[in-house]
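Enquirer: Provided herewith: final_24.cif, mmCIF, C-alpha atoms and all ligand atoms.
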```cif
data_protein
#
loop_
_atom_site.group_PDB
_atom_site.id
_atom_site.type_symbol
_atom_site.label_atom_id
_atom_site.label_comp_id
_atom_site.auth_asym_id
_atom_site.auth_seq_id
_atom_site.Cartn_x
_atom_site.Cartn_y
_atom_site.Cartn_z
ATOM 1 C CA MET T 1 -10.837 -2.662 -2.516
ATOM 2 C CA ILE T 2 -9.749 0.997 -2.571
ATOM 3 C CA GLU T 3 -6.916 1.650 -5.013
ATOM 4 C CA SER T 4 -3.957 2.529 -2.794
ATOM 5 C CA ILE T 5 -0.368 1.663 -1.985
ATOM 6 C CA VAL T 6 0.742 0.494 1.461
ATOM 7 C CA VAL T 7 4.378 0.626 2.528
ATOM 8 C CA GLY T 8 5.688 -1.011 5.689
ATOM 9 C CA THR T 9 8.641 0.491 7.494
ATOM 10 C CA ASP T 10 10.632 -0.470 10.570
ATOM 11 C CA GLY T 11 13.024 2.438 10.004
ATOM 12 C CA SER T 12 15.716 0.189 8.470
ATOM 13 C CA PRO T 13 17.747 1.313 5.413
ATOM 14 C CA ALA T 14 15.868 -1.041 3.056
ATOM 15 C CA ALA T 15 12.473 0.047 4.394
ATOM 16 C CA THR T 16 13.429 3.702 3.972
ATOM 17 C CA VAL T 17 14.248 3.066 0.300
ATOM 18 C CA ALA T 18 10.921 1.197 0.079
ATOM 19 C CA VAL T 19 9.142 4.361 1.294
ATOM 20 C CA SER T 20 10.803 6.368 -1.494
ATOM 21 C CA TRP T 21 9.899 3.707 -4.064
ATOM 22 C CA ALA T 22 6.287 3.659 -2.838
ATOM 23 C CA VAL T 23 5.784 7.422 -3.167
ATOM 24 C CA ASP T 24 7.438 7.408 -6.601
ATOM 25 C CA ASP T 25 5.021 4.702 -7.709
ATOM 26 C CA ALA T 26 2.076 6.503 -6.091
ATOM 27 C CA GLY T 27 3.041 9.574 -8.116
ATOM 28 C CA ARG T 28 3.206 7.528 -11.320
ATOM 29 C CA ARG T 29 -0.119 5.810 -10.660
ATOM 30 C CA ARG T 30 -1.861 8.798 -9.050
ATOM 31 C CA LEU T 31 -2.714 6.766 -5.963
ATOM 32 C CA PRO T 32 -2.561 7.624 -2.272
ATOM 33 C CA VAL T 33 0.063 5.929 -0.124
ATOM 34 C CA ARG T 34 -0.242 4.741 3.466
ATOM 35 C CA ILE T 35 2.958 4.429 5.486
ATOM 36 C CA VAL T 36 2.597 1.787 8.195
ATOM 37 C CA HIS T 37 4.809 1.072 11.171
ATOM 38 C CA VAL T 38 3.933 -1.795 13.463
ATOM 39 C CA VAL T 39 4.893 -1.446 17.115
ATOM 40 C CA GLU T 40 5.680 -4.958 18.204
ATOM 41 C CA HIS T 41 4.358 -6.218 21.492
ATOM 42 C CA TRP T 42 6.705 -7.597 24.134
ATOM 43 C CA PRO T 43 8.125 -10.595 22.253
ATOM 44 C CA TYR T 44 8.958 -12.959 25.130
ATOM 45 C CA GLY T 45 6.358 -15.393 26.355
ATOM 46 C CA ILE T 46 8.490 -16.282 29.365
ATOM 47 C CA SER T 47 7.332 -13.417 31.511
ATOM 48 C CA ALA T 48 3.776 -12.410 32.252
ATOM 49 C CA PHE T 49 4.699 -8.738 31.972
ATOM 50 C CA PRO T 50 7.175 -6.634 29.946
ATOM 51 C CA PRO T 51 9.615 -4.395 31.825
ATOM 52 C CA PRO T 52 7.882 -1.290 33.200
ATOM 53 C CA GLY T 53 7.599 1.462 30.587
ATOM 54 C CA TRP T 54 8.329 -0.946 27.693
ATOM 55 C CA GLN T 55 5.197 -0.312 25.655
ATOM 56 C CA GLU T 56 5.427 3.470 26.107
ATOM 57 C CA ALA T 57 9.088 3.454 25.010
ATOM 58 C CA MET T 58 8.247 1.301 21.949
ATOM 59 C CA THR T 59 5.359 3.579 20.995
ATOM 60 C CA HIS T 60 7.562 6.647 21.338
ATOM 61 C CA ALA T 61 10.248 5.023 19.149
ATOM 62 C CA GLY T 62 7.537 4.035 16.646
ATOM 63 C CA GLU T 63 6.363 7.627 16.424
ATOM 64 C CA GLN T 64 9.901 8.618 15.482
ATOM 65 C CA VAL T 65 10.040 5.922 12.761
ATOM 66 C CA ILE T 66 6.770 7.193 11.300
ATOM 67 C CA ALA T 67 7.864 10.848 11.479
ATOM 68 C CA GLU T 68 11.116 10.040 9.632
ATOM 69 C CA ALA T 69 9.240 8.064 6.970
ATOM 70 C CA ALA T 70 6.732 10.898 6.492
ATOM 71 C CA LYS T 71 9.659 13.301 6.065
ATOM 72 C CA THR T 72 11.267 11.003 3.469
ATOM 73 C CA ALA T 73 7.971 10.775 1.568
ATOM 74 C CA ALA T 74 7.243 14.519 1.621
ATOM 75 C CA GLY T 75 10.824 15.371 0.642
ATOM 76 C CA ARG T 76 10.668 13.015 -2.307
ATOM 77 C CA ARG T 77 7.129 13.579 -3.622
ATOM 78 C CA PRO T 78 5.342 16.488 -1.921
ATOM 79 C CA ASP T 79 2.531 16.127 -4.498
ATOM 80 C CA VAL T 80 1.615 12.599 -3.328
ATOM 81 C CA ASP T 81 -1.140 12.094 -0.766
ATOM 82 C CA ALA T 82 0.734 10.203 1.973
ATOM 83 C CA THR T 83 -0.839 9.248 5.296
ATOM 84 C CA THR T 84 0.736 7.388 8.217
ATOM 85 C CA ALA T 85 -0.438 4.686 10.611
ATOM 86 C CA LEU T 86 1.150 3.470 13.835
ATOM 87 C CA ILE T 87 -0.371 0.123 14.745
ATOM 88 C CA GLY T 88 0.376 -2.249 17.618
ATOM 89 C CA GLY T 89 0.689 -5.967 16.853
ATOM 90 C CA THR T 90 2.742 -8.474 14.877
ATOM 91 C CA PRO T 91 4.316 -6.865 11.762
ATOM 92 C CA LEU T 92 3.503 -9.830 9.515
ATOM 93 C CA GLU T 93 -0.157 -9.995 10.549
ATOM 94 C CA ILE T 94 -0.720 -6.245 10.395
ATOM 95 C CA LEU T 95 1.005 -5.888 7.014
ATOM 96 C CA ARG T 96 -1.058 -8.776 5.630
ATOM 97 C CA GLU T 97 -4.220 -7.128 6.909
ATOM 98 C CA GLN T 98 -3.268 -3.734 5.499
ATOM 99 C CA ALA T 99 -2.242 -5.229 2.145
ATOM 100 C CA SER T 100 -5.539 -7.089 1.787
ATOM 101 C CA GLU T 101 -7.216 -3.679 1.430
ATOM 102 C CA ALA T 102 -4.632 -2.268 -1.007
ATOM 103 C CA THR T 103 -3.556 -2.550 -4.635
ATOM 104 C CA GLU T 104 0.120 -2.878 -3.794
ATOM 105 C CA LEU T 105 2.333 -3.517 -0.774
ATOM 106 C CA VAL T 106 5.898 -2.197 -0.788
ATOM 107 C CA ILE T 107 8.460 -3.561 1.692
ATOM 108 C CA GLY T 108 12.204 -3.619 2.188
ATOM 109 C CA SER T 109 14.104 -6.846 1.440
ATOM 110 C CA ARG T 110 15.479 -6.701 4.961
ATOM 111 C CA GLY T 111 14.562 -5.037 8.196
ATOM 112 C CA LEU T 112 16.340 -4.401 11.453
ATOM 113 C CA GLY T 113 16.241 -8.088 12.357
ATOM 114 C CA GLY T 114 19.245 -9.750 13.952
ATOM 115 C CA PHE T 115 20.445 -12.289 11.352
ATOM 116 C CA THR T 116 22.731 -9.985 9.381
ATOM 117 C CA GLU T 117 23.799 -12.637 6.818
ATOM 118 C CA ALA T 118 20.218 -13.157 5.632
ATOM 119 C CA LEU T 119 19.456 -11.771 2.177
ATOM 120 C CA LEU T 120 15.733 -11.603 2.914
ATOM 121 C CA GLY T 121 13.864 -10.787 6.091
ATOM 122 C CA SER T 122 11.381 -13.377 7.287
ATOM 123 C CA ALA T 123 8.405 -11.166 6.338
ATOM 124 C CA VAL T 124 9.279 -11.135 2.618
ATOM 125 C CA LEU T 125 8.505 -14.736 1.626
ATOM 126 C CA ARG T 126 5.482 -14.712 3.932
ATOM 127 C CA LEU T 127 3.978 -11.664 2.233
ATOM 128 C CA ALA T 128 4.917 -12.092 -1.447
ATOM 129 C CA GLY T 129 2.221 -14.232 -3.039
ATOM 130 C CA HIS T 130 0.199 -14.294 0.176
ATOM 131 C CA VAL T 131 -1.685 -11.032 -0.307
ATOM 132 C CA PRO T 132 -4.127 -10.151 -3.109
ATOM 133 C CA GLY T 133 -2.197 -7.450 -4.960
ATOM 134 C CA ALA T 134 1.410 -6.958 -5.955
ATOM 135 C CA VAL T 135 4.209 -7.088 -3.373
ATOM 136 C CA VAL T 136 7.203 -4.964 -4.345
ATOM 137 C CA VAL T 137 10.449 -5.808 -2.567
ATOM 138 C CA VAL T 138 13.105 -3.091 -2.508
ATOM 139 C CA LYS T 139 16.736 -3.488 -1.399
ATOM 140 C CA ALA T 140 18.773 -0.885 0.491
ATOM 141 C CA GLU T 141 21.335 -0.894 -2.376
ATOM 142 C CA GLU T 142 18.672 0.597 -4.645
ATOM 143 C CA SER T 143 19.553 3.989 -3.154
ATOM 144 C CA GLU T 144 23.045 3.744 -4.726
ATOM 145 C CA ARG T 145 21.622 3.517 -8.224
ATOM 146 C CA ARG T 146 22.076 6.748 -10.141
ATOM 147 C CA GLY T 147 18.993 7.495 -12.233
ATOM 148 C CA GLU T 148 16.833 5.031 -14.071
ATOM 149 C CA VAL T 149 17.991 2.435 -16.575
ATOM 150 C CA GLY T 150 14.788 2.882 -18.575
ATOM 151 C CA GLU T 151 13.502 -0.678 -18.825
ATOM 152 C CA VAL T 152 10.960 -2.922 -17.124
ATOM 153 C CA LEU T 153 11.703 -6.648 -17.167
ATOM 154 C CA VAL T 154 9.099 -9.394 -16.924
ATOM 155 C CA GLY T 155 9.516 -13.161 -16.814
ATOM 156 C CA VAL T 156 6.923 -14.993 -18.939
ATOM 157 C CA ASP T 157 6.077 -18.688 -19.108
ATOM 158 C CA GLY T 158 2.728 -18.510 -20.889
ATOM 159 C CA SER T 159 0.829 -19.871 -17.876
ATOM 160 C CA PRO T 160 -2.536 -18.354 -16.890
ATOM 161 C CA ALA T 161 -0.973 -17.872 -13.431
ATOM 162 C CA GLY T 162 1.546 -15.464 -14.940
ATOM 163 C CA GLU T 163 -0.981 -13.245 -16.722
ATOM 164 C CA PRO T 164 -1.550 -10.741 -13.864
ATOM 165 C CA ALA T 165 2.231 -10.212 -13.713
ATOM 166 C CA VAL T 166 2.392 -9.530 -17.456
ATOM 167 C CA GLY T 167 -0.453 -6.995 -17.111
ATOM 168 C CA PHE T 168 1.306 -5.322 -14.181
ATOM 169 C CA ALA T 169 4.556 -5.109 -16.185
ATOM 170 C CA PHE T 170 2.859 -3.571 -19.240
ATOM 171 C CA GLU T 171 1.177 -0.995 -17.005
ATOM 172 C CA GLN T 172 4.505 -0.096 -15.340
ATOM 173 C CA ALA T 173 6.224 0.269 -18.732
ATOM 174 C CA ARG T 174 3.375 2.459 -19.973
ATOM 175 C CA LEU T 175 3.502 4.705 -16.886
ATOM 176 C CA ARG T 176 7.282 5.004 -17.097
ATOM 177 C CA GLY T 177 7.256 5.487 -20.869
ATOM 178 C CA CYS T 178 9.962 2.860 -21.234
ATOM 179 C CA PRO T 179 10.369 -0.430 -23.132
ATOM 180 C CA LEU T 180 9.330 -3.756 -21.638
ATOM 181 C CA ARG T 181 11.693 -6.669 -21.949
ATOM 182 C CA ALA T 182 9.734 -9.948 -21.839
ATOM 183 C CA LEU T 183 12.019 -12.838 -21.087
ATOM 184 C CA ARG T 184 11.196 -16.465 -21.610
ATOM 185 C CA ALA T 185 13.749 -18.988 -20.352
ATOM 186 C CA TRP T 186 13.506 -22.665 -21.155
ATOM 187 C CA GLN T 187 15.687 -25.628 -20.294
ATOM 188 C CA VAL T 188 16.334 -29.155 -21.423
ATOM 189 C CA PRO T 189 15.712 -31.412 -18.383
ATOM 190 C CA PRO T 190 19.158 -31.793 -16.811
ATOM 191 C CA HIS T 191 20.591 -35.306 -16.809
ATOM 192 C CA ALA T 192 24.147 -36.474 -16.178
ATOM 193 C CA PHE T 193 24.242 -38.809 -19.202
ATOM 194 C CA MET T 194 21.965 -36.930 -21.603
ATOM 195 C CA PRO T 195 23.192 -37.440 -25.187
ATOM 196 C CA ASP T 196 23.371 -34.301 -27.301
ATOM 197 C CA ILE T 197 20.255 -34.941 -29.380
ATOM 198 C CA VAL T 198 18.267 -31.777 -28.699
ATOM 199 C CA ASP T 199 17.589 -29.417 -31.602
ATOM 200 C CA VAL T 200 18.217 -26.197 -29.641
ATOM 201 C CA ALA T 201 17.796 -23.906 -32.671
ATOM 202 C CA GLY T 202 14.470 -25.531 -33.564
ATOM 203 C CA ILE T 203 13.110 -25.234 -30.032
ATOM 204 C CA ARG T 204 14.296 -21.632 -29.806
ATOM 205 C CA GLN T 205 12.384 -20.759 -32.964
ATOM 206 C CA GLU T 206 9.233 -22.421 -31.665
ATOM 207 C CA GLN T 207 9.603 -20.685 -28.282
ATOM 208 C CA GLN T 208 9.979 -17.354 -30.067
ATOM 209 C CA GLN T 209 6.669 -17.928 -31.854
ATOM 210 C CA MET T 210 5.048 -18.925 -28.550
ATOM 211 C CA ILE T 211 6.171 -15.822 -26.705
ATOM 212 C CA ASP T 212 4.948 -13.619 -29.569
ATOM 213 C CA SER T 213 1.501 -15.208 -29.427
ATOM 214 C CA TRP T 214 1.304 -14.956 -25.592
ATOM 215 C CA LEU T 215 2.160 -11.271 -25.734
ATOM 216 C CA ALA T 216 -0.102 -10.427 -28.710
ATOM 217 C CA PRO T 217 -3.255 -9.572 -26.677
ATOM 218 C CA TRP T 218 -1.200 -7.350 -24.335
ATOM 219 C CA VAL T 219 0.518 -5.587 -27.231
ATOM 220 C CA GLU T 220 -2.929 -4.811 -28.586
ATOM 221 C CA ARG T 221 -4.057 -3.441 -25.211
ATOM 222 C CA PHE T 222 -0.909 -1.361 -24.679
ATOM 223 C CA PRO T 223 0.029 -0.140 -28.183
ATOM 224 C CA GLU T 224 2.238 2.607 -26.713
ATOM 225 C CA VAL T 225 4.585 0.106 -25.012
ATOM 226 C CA ARG T 226 7.567 -1.127 -27.011
ATOM 227 C CA VAL T 227 8.048 -4.817 -26.176
ATOM 228 C CA VAL T 228 11.319 -6.655 -26.593
ATOM 229 C CA PRO T 229 10.621 -10.414 -26.427
ATOM 230 C CA GLU T 230 13.598 -12.616 -25.678
ATOM 231 C CA VAL T 231 14.023 -16.378 -25.499
ATOM 232 C CA THR T 232 16.965 -17.916 -23.643
ATOM 233 C CA CYS T 233 18.004 -21.505 -23.021
ATOM 234 C CA ALA T 234 18.949 -21.266 -19.339
ATOM 235 C CA ASN T 235 17.596 -21.433 -15.814
ATOM 236 C CA PRO T 236 14.813 -18.803 -15.499
ATOM 237 C CA ALA T 237 15.796 -17.514 -12.045
ATOM 238 C CA SER T 238 19.453 -17.180 -13.159
ATOM 239 C CA VAL T 239 18.742 -15.271 -16.372
ATOM 240 C CA LEU T 240 16.163 -13.008 -14.727
ATOM 241 C CA THR T 241 18.587 -12.217 -11.899
ATOM 242 C CA GLU T 242 21.344 -11.418 -14.386
ATOM 243 C CA ALA T 243 19.034 -9.304 -16.556
ATOM 244 C CA SER T 244 17.736 -7.422 -13.503
ATOM 245 C CA ALA T 245 21.013 -5.464 -13.408
ATOM 246 C CA GLN T 246 19.796 -3.688 -16.562
ATOM 247 C CA ALA T 247 16.224 -3.063 -15.365
ATOM 248 C CA ASP T 248 14.380 -0.604 -13.121
ATOM 249 C CA LEU T 249 11.861 -3.226 -12.065
ATOM 250 C CA LEU T 250 11.608 -6.994 -12.387
ATOM 251 C CA VAL T 251 8.060 -8.401 -12.463
ATOM 252 C CA VAL T 252 7.262 -12.056 -11.778
ATOM 253 C CA GLY T 253 4.110 -13.996 -10.977
ATOM 254 C CA SER T 254 3.743 -15.682 -7.615
ATOM 255 C CA ARG T 255 3.195 -19.005 -9.369
ATOM 256 C CA GLY T 256 4.003 -20.319 -12.808
ATOM 257 C CA LEU T 257 3.735 -23.591 -14.645
ATOM 258 C CA GLY T 258 5.397 -25.588 -11.869
ATOM 259 C CA ALA T 259 3.675 -28.740 -10.678
ATOM 260 C CA VAL T 260 4.120 -28.242 -6.936
ATOM 261 C CA GLY T 261 0.667 -26.785 -6.420
ATOM 262 C CA SER T 262 0.955 -26.594 -2.664
ATOM 263 C CA MET T 263 3.638 -23.892 -2.827
ATOM 264 C CA VAL T 264 2.318 -20.355 -2.576
ATOM 265 C CA LEU T 265 5.427 -18.925 -4.172
ATOM 266 C CA GLY T 266 6.998 -20.594 -7.214
ATOM 267 C CA SER T 267 10.708 -21.425 -7.462
ATOM 268 C CA VAL T 268 11.486 -18.610 -9.925
ATOM 269 C CA SER T 269 10.016 -15.940 -7.632
ATOM 270 C CA ARG T 270 11.826 -17.470 -4.656
ATOM 271 C CA GLY T 271 15.019 -17.616 -6.676
ATOM 272 C CA VAL T 272 15.038 -14.019 -7.883
ATOM 273 C CA LEU T 273 13.950 -12.276 -4.671
ATOM 274 C CA PRO T 274 17.207 -12.607 -2.704
ATOM 275 C CA HIS T 275 19.558 -11.925 -5.624
ATOM 276 C CA ALA T 276 17.802 -9.452 -7.968
ATOM 277 C CA ARG T 277 19.715 -6.278 -8.653
ATOM 278 C CA CYS T 278 16.585 -4.083 -8.899
ATOM 279 C CA PRO T 279 13.227 -3.953 -7.080
ATOM 280 C CA VAL T 280 11.067 -7.049 -7.651
ATOM 281 C CA ALA T 281 7.276 -7.015 -7.982
ATOM 282 C CA VAL T 282 5.664 -10.362 -7.188
ATOM 283 C CA VAL T 283 2.144 -10.311 -8.603
ATOM 284 C CA ARG T 284 -0.274 -12.817 -7.193
ATOM 285 C CA SER T 285 -1.580 -15.351 -9.649
HETATM 286 N N1 LIG G 301 7.557 -3.387 12.557
HETATM 287 C C1 LIG G 301 7.381 -3.210 11.242
HETATM 288 N N2 LIG G 301 6.472 -2.308 10.802
HETATM 289 C C2 LIG G 301 6.274 -2.120 9.482
HETATM 290 N N3 LIG G 301 6.949 -2.767 8.524
HETATM 291 C C3 LIG G 301 7.872 -3.665 8.895
HETATM 292 C C4 LIG G 301 8.130 -3.950 10.273
HETATM 293 N N4 LIG G 301 9.073 -4.895 10.333
HETATM 294 C C5 LIG G 301 9.419 -5.188 9.055
HETATM 295 N N5 LIG G 301 8.692 -4.454 8.178
HETATM 296 C C6 LIG G 301 8.790 -4.479 6.708
HETATM 297 O O1 LIG G 301 9.285 -5.726 6.265
HETATM 298 C C7 LIG G 301 10.539 -5.569 5.615
HETATM 299 C C8 LIG G 301 11.378 -6.790 5.887
HETATM 300 O O2 LIG G 301 11.676 -6.851 7.263
HETATM 301 P P1 LIG G 301 11.811 -8.215 8.084
HETATM 302 O O3 LIG G 301 11.328 -7.956 9.466
HETATM 303 O O4 LIG G 301 11.211 -9.320 7.302
HETATM 304 O O5 LIG G 301 13.377 -8.431 8.030
HETATM 305 P P2 LIG G 301 14.463 -8.485 9.190
HETATM 306 O O6 LIG G 301 14.063 -7.526 10.267
HETATM 307 O O7 LIG G 301 15.772 -8.293 8.509
HETATM 308 O O8 LIG G 301 14.407 -9.962 9.673
HETATM 309 P P3 LIG G 301 13.527 -10.652 10.834
HETATM 310 O O9 LIG G 301 12.628 -9.634 11.444
HETATM 311 O O10 LIG G 301 12.813 -11.697 10.089
HETATM 312 O O11 LIG G 301 14.560 -11.181 11.774
HETATM 313 C C9 LIG G 301 11.067 -4.258 6.136
HETATM 314 O O12 LIG G 301 11.998 -3.639 5.275
HETATM 315 C C10 LIG G 301 9.785 -3.442 6.243
HETATM 316 O O13 LIG G 301 9.404 -2.975 4.954
HETATM 317 MG MG MG G 302 12.188 -7.575 11.366
#
```
Spell out the structure here as structure tokens.
Expert:
Amino acid sequence: MIESIVVGTDGSPAATVAVSWAVDDAGRRRLPVRIVHVVEHWPYGISAFPPPGWQEAMTHAGEQVIAEAAKTAAGRRPDVDATTALIGGTPLEILREQASEATELVIGSRGLGGFTEALLGSAVLRLAGHVPGAVVVVKAEESERRGEVGEVLVGVDGSPAGEPAVGFAFEQARLRGCPLRALRAWQVPPHAFMPDIVDVAGIRQEQQQMIDSWLAPWVERFPEVRVVPEVTCANPASVLTEASAQADLLVVGSRGLGAVGSMVLGSVSRGVLPHARCPVAVVRS
């Protein structure tokens, strides 16, 4: 695998912000970035042929999308080595293919697709956790943020599946020269008639010791990163979403401790993606 960043754009507002995010990250990591636009084939199986001139018109429109994205990238980070690719096919398949060769895939949370109420485009949950590297999902609203907050946030559960995400988060905090907030959320199993017998303070103390020991090897590897460990008794997706308002990047693993092994993407990652208030990096377990 060649170290590189791939960003997919369909010319939508979210994808355009994703292009900016990708070149910023490429600058931080000193990696090249490849801007990809997929020209979709005639989508209807009902007719043996698309209208005359369809493919030419789509290709011409695609060239404009790529030219705009290249302009965005060069305007933002002229120092970054950014190349473009216009590829015919199915966006999901092509992006998967392109991401399998890259360190990181950056996409918008939405595209130009028709269902305007949707918080996530259909490509997002099919790419996050499905490709080898990290998938960073950026929302259009990110462009309204003025400057950086100065914090990376990572959700930790101590599972081996979450380790690559913790490593990714430490690296991002190091590159940005900012603190890393490591959040561990735990919950008492919910039950309608549960008597109040749980020693919350005791569990909190034990959880605090656990998070310190999970992070210890990473702290040793990244001595320059200031880590702020935090333990909260609440639903992990809820607290991470809330905390994301105060972060520049939220990092989660694609899987955690959950028992449903058949799911590619765990419930916390699924939960935070639509609602997070900053870009989310899903790092494959
Ligand atoms: N044709 C494409 N070429 C390159 N990247 C794309 C293309 N289509 C979508 N993407 C990437 O995927 C992101 C999410 O778009 P997606 O297509 O999933 O959402 P949508 O268009 O809102 O909904 P849907 O297409 O599922 O109806 C985009 O912001 C962009 O980064
Ligand atoms: Mg789409």
Enquirer: Give me, as a tab-separated table, each residue of chain T that comes within 7 Å of ligand LIG 301 (chain G), together with its shortest interatomic pair and the distance in Å at one decimal, counting all atoms listed in the file, with rows ordered by chain and rising residue number.
Expert:
```
residue	atom	partner	partner_atom	distance
T:Val7	CA	G:LIG301	O13	6.6
T:Gly8	CA	G:LIG301	N3	3.6
T:Thr9	CA	G:LIG301	N3	3.8
T:Asp10	CA	G:LIG301	C4	4.3
T:Ser12	CA	G:LIG301	O12	6.2
T:Ala14	CA	G:LIG301	O12	5.2
T:Ala15	CA	G:LIG301	O12	3.8
T:Ala18	CA	G:LIG301	O13	6.6
T:Val36	CA	G:LIG301	C2	5.5
T:His37	CA	G:LIG301	N2	3.8
T:Val38	CA	G:LIG301	N2	3.7
T:Val39	CA	G:LIG301	N1	5.6
T:Glu40	CA	G:LIG301	N1	6.2
T:Pro91	CA	G:LIG301	C1	4.8
T:Leu95	CA	G:LIG301	N3	6.9
T:Val106	CA	G:LIG301	O13	6.8
T:Ile107	CA	G:LIG301	O13	3.4
T:Gly108	CA	G:LIG301	O12	3.1
T:Ser109	CA	G:LIG301	C8	5.2
T:Arg110	CA	G:LIG301	O7	3.9
T:Gly111	CA	G:LIG301	O6	3.3
T:Leu112	CA	G:LIG301	O6	4.0
T:Gly113	CA	G:LIG301	O6	3.1
T:Gly114	CA	G:LIG301	O11	5.4
T:Phe115	CA	G:LIG301	O11	6.0
T:Leu120	CA	G:LIG301	O5	6.5
T:Gly121	CA	G:LIG301	O5	3.1
T:Ser122	CA	G:LIG301	O10	3.6
T:Ala123	CA	G:LIG301	O4	3.5
T:Val124	CA	G:LIG301	O4	5.4
```
Enquirer: Save out the residues we just selected, C-alpha atoms, as a compact mmCIF listing (two decimals), in the coordinates of the input.
Expert:
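Everything below was put into part.txt:
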```txt
# COMPACT_ATOMS: atom_id res chain seq x y z
CA VAL T 7 4.38 0.63 2.53
CA GLY T 8 5.69 -1.01 5.69
CA THR T 9 8.64 0.49 7.49
CA ASP T 10 10.63 -0.47 10.57
CA SER T 12 15.72 0.19 8.47
CA ALA T 14 15.87 -1.04 3.06
CA ALA T 15 12.47 0.05 4.39
CA ALA T 18 10.92 1.20 0.08
CA VAL T 36 2.60 1.79 8.20
CA HIS T 37 4.81 1.07 11.17
CA VAL T 38 3.93 -1.80 13.46
CA VAL T 39 4.89 -1.45 17.11
CA GLU T 40 5.68 -4.96 18.20
CA PRO T 91 4.32 -6.86 11.76
CA LEU T 95 1.00 -5.89 7.01
CA VAL T 106 5.90 -2.20 -0.79
CA ILE T 107 8.46 -3.56 1.69
CA GLY T 108 12.20 -3.62 2.19
CA SER T 109 14.10 -6.85 1.44
CA ARG T 110 15.48 -6.70 4.96
CA GLY T 111 14.56 -5.04 8.20
CA LEU T 112 16.34 -4.40 11.45
CA GLY T 113 16.24 -8.09 12.36
CA GLY T 114 19.24 -9.75 13.95
CA PHE T 115 20.44 -12.29 11.35
CA LEU T 120 15.73 -11.60 2.91
CA GLY T 121 13.86 -10.79 6.09
CA SER T 122 11.38 -13.38 7.29
CA ALA T 123 8.40 -11.17 6.34
CA VAL T 124 9.28 -11.14 2.62
```
Enquirer: Could you expand the PyMOL selection byres (((chain T and resi 188) around 12) and not hetatm) into the explicit residues it covers here, written as a list of chain:residue names?
Expert: T:Ala185, T:Trp186, T:Gln187, T:Pro189, T:Pro190, T:His191, T:Ala192, T:Met194, T:Pro195, T:Asp196, T:Ile197, T:Val198, T:Asp199, T:Val200, T:Ile203, T:Arg204, T:Thr232, T:Cys233, T:Ala234, T:Asn235
Enquirer: Between T:Asp248, T:Arg176, T:Asp79, T:Val283, which residue has the minimum interatomic distance to Glu104 (chain T), considering only C-alpha atoms?
Expert: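 Of the candidates, the smallest distance to Glu104 (chain T) is held by T:Val283.
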Enquirer: Can you list what the PyMOL selection byres (((chain T and resi 61-69) around 12) and not hetatm) grabs from this structure, as JSON, numbers by chain?
Expert: {"T": [7, 8, 9, 10, 11, 12, 13, 14, 15, 16, 17, 18, 19, 20, 21, 22, 23, 33, 34, 35, 36, 37, 38, 39, 40, 41, 54, 55, 56, 57, 58, 59, 60, 70, 71, 72, 73, 74, 75, 76, 82, 83, 84, 85, 86, 87, 88]}
Enquirer: When the PyMOL selection byres (((chain T and resi 269) around 12) and not hetatm) is applied to the file above, which residues end up in the set, as a PyMOL selection string?
Expert: chain T and resi 124-125+128-129+135-137+154-156+162+165+236-238+240-241+250-256+258+263-268+270-276+280-285
Enquirer: Quick check, in Å to one decimal: how far apart do CA of Pro160 (chain T) and CA of Phe222 (chain T) lie?
Expert: 18.8 Å
Enquirer: Can you tell me which residues surround Val219 (chain T) at a distance of at most 12 Å, considering only C-alpha atoms, apart from same-chain residues fewer than 6 positions away, and format the answer as an mmCIF file with C-alpha atoms, keeping the file's coordinate frame?
Expert:
```cif
data_model
loop_
_atom_site.group_PDB
_atom_site.id
_atom_site.type_symbol
_atom_site.label_atom_id
_atom_site.label_comp_id
_atom_site.auth_asym_id
_atom_site.auth_seq_id
_atom_site.Cartn_x
_atom_site.Cartn_y
_atom_site.Cartn_z
ATOM 1 C CA VAL T 166 2.392 -9.530 -17.456
ATOM 2 C CA GLY T 167 -0.453 -6.995 -17.111
ATOM 3 C CA ALA T 169 4.556 -5.109 -16.185
ATOM 4 C CA PHE T 170 2.859 -3.571 -19.240
ATOM 5 C CA GLU T 171 1.177 -0.995 -17.005
ATOM 6 C CA ALA T 173 6.224 0.269 -18.732
ATOM 7 C CA ARG T 174 3.375 2.459 -19.973
ATOM 8 C CA PRO T 179 10.369 -0.430 -23.132
ATOM 9 C CA LEU T 180 9.330 -3.756 -21.638
ATOM 10 C CA ALA T 182 9.734 -9.948 -21.839
ATOM 11 C CA ILE T 211 6.171 -15.822 -26.705
ATOM 12 C CA ASP T 212 4.948 -13.619 -29.569
ATOM 13 C CA SER T 213 1.501 -15.208 -29.427
ATOM 14 C CA VAL T 225 4.585 0.106 -25.012
ATOM 15 C CA ARG T 226 7.567 -1.127 -27.011
ATOM 16 C CA VAL T 227 8.048 -4.817 -26.176
ATOM 17 C CA VAL T 228 11.319 -6.655 -26.593
ATOM 18 C CA PRO T 229 10.621 -10.414 -26.427
#
```
Enquirer: Nearest residue to ligand MG 302 (chain G) out of T:Thr116, T:Arg277, T:Glu141, T:Gly53, using only C-alpha atoms and all ligand atoms?
Expert: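 Smallest distance to ligand MG 302 (chain G) is found for T:Thr116.
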Enquirer: So how far away is CA of Val80 (chain T) from CA of Arg29 (chain T), in Å?
Expert: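 Computing it gives 10.1 Å between the two atoms.
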Enquirer: Restricting the calculation to all atoms listed in the file: of T:Glu151, T:Gly177, T:Ala245, T:Thr90, which residue gets closest to ligand MG 302 (chain G)?
Expert: T:Thr90
Enquirer: Given all atoms listed in the file as the basis, pick out the residue of T:Glu224, T:Asp81, T:Ala118, T:Phe193 nearest to ligand MG 302 (chain G).
Expert: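 For ligand MG 302 (chain G), the nearest of the candidates is T:Ala118.
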